[in-house]
Each structure stands twice: as C-alpha cells, then as structure tokens.
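Following: one structure in structure tokens, then a few remarks.
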Amino acid sequence: MAQVEATTERVVAADAEKVFDALADYSGTRERLLPEHFGEYEVREGGDGEGTLVHWKLQATSKRIRDCLMEVTEPTDGELVEKDRNSSMVTTWRVTPAGEGSSRVVVTTTWKGAGGIGGFFEKTFAPKGLARIYDAMLAKLAAETEK
C-alpha cells in the first residue's frame with residue numbers, strides 16, 4: 001500500500017486568527033463551509049477545535065463514499081489535525097499569516113492507498129479529486145471570513 005497525499009492551499013484576505021477560529025468551529029461555521037460532497041455531518045463531542053469528534057460521509061465520486069469519524073487535535077498554534085477513526089486518513093489544516101490582514105490556509109490529507117492497479121489509479125486520480133473538493137471548501141472559507 002502506498003501513501004496517498006493531496007494538498008490544497010489558498011490565501012484568504014482575513015487575519016489568521018479569524019480564519020483558524022472559523023475552521024475550528026465545528027458546531028457552527030464548519031458545516032457551512034462544506035461543499036455537496038459532504039453529508040450526514042454531525043458533531044458528536046466538543047465542537048470547538050481540540051477534543052472535537054465529528055462525523056461525516058465524504059462522497060469523492062459517485063461510487064466512492066467514505067464514512068469518516070474524525071478526532072480533532074491542535075498540536076501547534078494555527079494547526080488542526082483530523083484523524084479518522086475508521087481509516088488511515090489524516091487531514092491537517094495549517095493557517096499562517098500571509099501579510100497584513102491575510103492568511104495562508106494549507107490543507108493536506110494523507111492515507112494508505114490500495115495496492116496493485118487500483119492503488120495506481122487511486123494515487124493518480126484521488127489527489128486531484130480531493131483538491132477540487134477542498135478548493136470549493138476554501139472558497140467558502142474565504143467568503144465567510146472576508147466579510
């Protein structure tokens with residue numbers, strides 16, 4: 001099994017603290033940021049950053065639906081890590097200042113991919129699909145925080 005990685009980033013015209021707070025607000029703002037690929041969103045514990053347990057179904061393609069139960073940690077300032085209890089998937093959100101009144105948001109998702117020919121196609125195409133999903137989410141984040 002090969003490690004698969006997808007990374008997307010965007011500069012947002014809002015302070016890093018405001019952007020991070022929006023991302024960490026699982027019981028409020030976060031659900032509004034999700035594109036149509038996410039369904040059955042439910043906060044099961046916590047709701048604000050570290051200690052949150054949140055569930056969703058991610059429909060990456062018409063046939064591929066991943067049932068996610070994410071544990072949220074904040075290992076460093078400006079960083080949220082979501083570890084899936086149901087798989088090897090880990091998503092890391094990093095928010096850093098990017099000049100006055102702006103911030104850079106980088107989201108990276110990794111997981112252990114399938115082996116064989118299926119793994120080849122997963123490693124080739126899944127990162128592009130996930131990047132499109134996170135591009136849409138980052139656009140919503142920008143719209144939400146640049147108000």
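By order of appearance in the structure tokens: chains A, B, ..., then residues from 1 within every chain, and ligands from 1 in the order shown.
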Hey, which bits of region 53-85 of chain A sit within 10 Å of region 6-22 of chain A, and for each residue what's the closest pair of atoms and how far apart in Å (one decimal), counting only C-alpha atoms, rows by chain and increasing number, as a Markdown table?
```
| residue | atom | partner | partner_atom | distance |
| --- | --- | --- | --- | --- |
| A:Asp77 | CA | A:Phe20 | CA | 9.4 |
| A:Gly78 | CA | A:Phe20 | CA | 6.3 |
| A:Glu79 | CA | A:Phe20 | CA | 8.0 |
| A:Leu80 | CA | A:Phe20 | CA | 8.5 |
```
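Shortest atom-to-atom contact with Thr96 (chain A) among A:Gln59, A:Thr76, A:Thr145, A:Thr110: A:Thr76, counting only C-alpha atoms.
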Task: Residue among A:Ser103, A:Gln3, A:Asn86, A:Ala136 lying closest to Phe38 (chain A), counting only C-alpha atoms - done: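 When distances to Phe38 (chain A) are compared using only C-alpha atoms, the smallest one comes from A:Ala136.
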TODO: Taking the DSSP assignment computed from this structure's backbone, write out as a ChimeraX atom specification all residues of region 3-84 of chain A that belong to strand (DSSP E).
DONE: /A:3-12,38-45,53-59,65-73,79-84
Please produce a file of the residues just selected, as a compact mmCIF listing (two decimals), in the first residue's frame, where the atoms kept are N, CA and C atoms.
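Generated output (again.txt):
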```txt
# COMPACT_ATOMS: atom_id res chain seq x y z
N GLN A 3 1.42 5.43 0.27
CA GLN A 3 0.87 6.62 0.91
C GLN A 3 0.32 7.54 -0.19
N VAL A 4 -0.90 8.00 -0.02
CA VAL A 4 -1.51 8.93 -0.97
C VAL A 4 -1.63 10.27 -0.26
N GLU A 5 -1.34 11.37 -0.98
CA GLU A 5 -1.38 12.70 -0.38
C GLU A 5 -2.01 13.69 -1.34
N ALA A 6 -2.87 14.54 -0.78
CA ALA A 6 -3.49 15.63 -1.54
C ALA A 6 -3.31 16.91 -0.75
N THR A 7 -2.80 17.95 -1.39
CA THR A 7 -2.59 19.24 -0.72
C THR A 7 -3.21 20.36 -1.55
N THR A 8 -3.89 21.25 -0.87
CA THR A 8 -4.52 22.41 -1.50
C THR A 8 -4.24 23.61 -0.61
N GLU A 9 -4.07 24.78 -1.22
CA GLU A 9 -3.86 25.98 -0.40
C GLU A 9 -4.53 27.18 -1.04
N ARG A 10 -4.74 28.19 -0.18
CA ARG A 10 -5.37 29.44 -0.64
C ARG A 10 -4.96 30.55 0.30
N VAL A 11 -4.76 31.74 -0.25
CA VAL A 11 -4.56 32.93 0.57
C VAL A 11 -5.93 33.57 0.76
N VAL A 12 -6.25 33.87 2.01
CA VAL A 12 -7.54 34.44 2.38
C VAL A 12 -7.30 35.85 2.93
N PHE A 38 -19.95 16.44 1.10
CA PHE A 38 -20.05 16.04 2.49
C PHE A 38 -21.51 15.87 2.88
N GLY A 39 -21.83 14.78 3.54
CA GLY A 39 -23.20 14.55 4.00
C GLY A 39 -23.20 13.97 5.41
N GLU A 40 -24.38 13.95 6.01
CA GLU A 40 -24.59 13.37 7.34
C GLU A 40 -23.63 13.95 8.39
N TYR A 41 -23.38 15.27 8.29
CA TYR A 41 -22.48 15.96 9.22
C TYR A 41 -23.08 15.98 10.61
N GLU A 42 -22.27 15.60 11.61
CA GLU A 42 -22.77 15.59 12.99
C GLU A 42 -21.60 15.73 13.96
N VAL A 43 -21.67 16.73 14.83
CA VAL A 43 -20.70 16.87 15.91
C VAL A 43 -21.14 15.95 17.04
N ARG A 44 -20.27 15.03 17.43
CA ARG A 44 -20.63 14.06 18.46
C ARG A 44 -20.05 14.40 19.83
N GLU A 45 -18.94 15.12 19.84
CA GLU A 45 -18.34 15.58 21.11
C GLU A 45 -17.68 16.92 20.84
N LEU A 53 -15.12 15.56 18.23
CA LEU A 53 -15.33 14.32 17.48
C LEU A 53 -16.48 14.60 16.53
N VAL A 54 -16.21 14.52 15.24
CA VAL A 54 -17.20 14.90 14.25
C VAL A 54 -17.32 13.80 13.18
N HIS A 55 -18.54 13.58 12.75
CA HIS A 55 -18.81 12.55 11.74
C HIS A 55 -19.30 13.19 10.45
N TRP A 56 -18.91 12.62 9.31
CA TRP A 56 -19.48 12.98 8.02
C TRP A 56 -19.24 11.85 7.04
N LYS A 57 -19.97 11.89 5.96
CA LYS A 57 -19.71 10.98 4.84
C LYS A 57 -19.17 11.84 3.70
N LEU A 58 -18.03 11.43 3.17
CA LEU A 58 -17.39 12.14 2.08
C LEU A 58 -17.60 11.33 0.81
N GLN A 59 -18.31 11.94 -0.13
CA GLN A 59 -18.56 11.28 -1.41
C GLN A 59 -17.62 11.88 -2.45
N ILE A 65 -17.74 6.45 -1.40
CA ILE A 65 -18.21 7.18 -0.23
C ILE A 65 -17.42 6.70 0.98
N ARG A 66 -16.83 7.63 1.69
CA ARG A 66 -16.01 7.30 2.86
C ARG A 66 -16.75 7.78 4.11
N ASP A 67 -16.99 6.86 5.05
CA ASP A 67 -17.64 7.17 6.32
C ASP A 67 -16.54 7.60 7.29
N CYS A 68 -16.55 8.88 7.68
CA CYS A 68 -15.46 9.46 8.48
C CYS A 68 -15.93 9.80 9.89
N LEU A 69 -15.14 9.41 10.86
CA LEU A 69 -15.36 9.79 12.25
C LEU A 69 -14.04 10.41 12.71
N MET A 70 -14.00 11.73 12.72
CA MET A 70 -12.75 12.47 12.88
C MET A 70 -12.54 12.97 14.31
N GLU A 71 -11.37 12.63 14.86
CA GLU A 71 -10.93 13.17 16.14
C GLU A 71 -10.05 14.37 15.85
N VAL A 72 -10.33 15.50 16.50
CA VAL A 72 -9.62 16.74 16.22
C VAL A 72 -8.63 17.05 17.33
N THR A 73 -7.40 17.37 16.91
CA THR A 73 -6.38 17.85 17.86
C THR A 73 -5.80 19.15 17.32
N GLU A 79 -2.89 25.11 13.83
CA GLU A 79 -2.95 23.80 13.18
C GLU A 79 -4.06 22.94 13.77
N LEU A 80 -4.91 22.40 12.90
CA LEU A 80 -5.93 21.43 13.27
C LEU A 80 -5.60 20.12 12.57
N VAL A 81 -5.64 19.03 13.32
CA VAL A 81 -5.41 17.71 12.73
C VAL A 81 -6.66 16.87 12.98
N GLU A 82 -7.21 16.33 11.89
CA GLU A 82 -8.39 15.47 11.95
C GLU A 82 -7.97 14.05 11.58
N LYS A 83 -8.05 13.13 12.57
CA LYS A 83 -7.68 11.73 12.34
C LYS A 83 -8.94 10.89 12.30
N ASP A 84 -9.08 10.13 11.23
CA ASP A 84 -10.27 9.30 11.04
C ASP A 84 -10.15 8.01 11.85
```
Task: Separation of CA of Lys128 (chain A) from CA of Ala2 (chain A), in Å and rounded to one decimal - done: 16.4 Å
Task: Picked from chain A by DSSP as helix (DSSP H, G or I), as a count of residues only - done: 44
- [ ] Provide the CA of Glu74 (chain A) to CA of Gly28 (chain A) distance in Å, to one decimal place.
- [x] 18.0 Å
TODO: Have a look at A:Ala126, A:Pro35, A:Ala142, A:Tyr26 and name the one nearest to Arg104 (chain A); count only C-alpha atoms.
DONE: A:Ala142
- [ ] Compare A:Ala60, A:Ala131, A:Leu33, A:Met89 by their minimum atom-to-atom distance to Val106 (chain A), counting only C-alpha atoms, and give me the closest one.
- [x]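 When distances to Val106 (chain A) are compared using only C-alpha atoms, the smallest one comes from A:Ala131.
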TODO: Tell me which of A:Glu100, A:Leu34, A:Ser62, A:Arg94 sits closest to Asp135 (chain A), counting only C-alpha atoms.
DONE: A:Leu34
TODO: In Å, rounded to a single decimal, give me how far CA of Thr109 (chain A) is from CA of Ser88 (chain A).
DONE: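 Spanning CA of Ser88 (chain A) to CA of Thr109 (chain A) is a straight-line distance of 10.2 Å.
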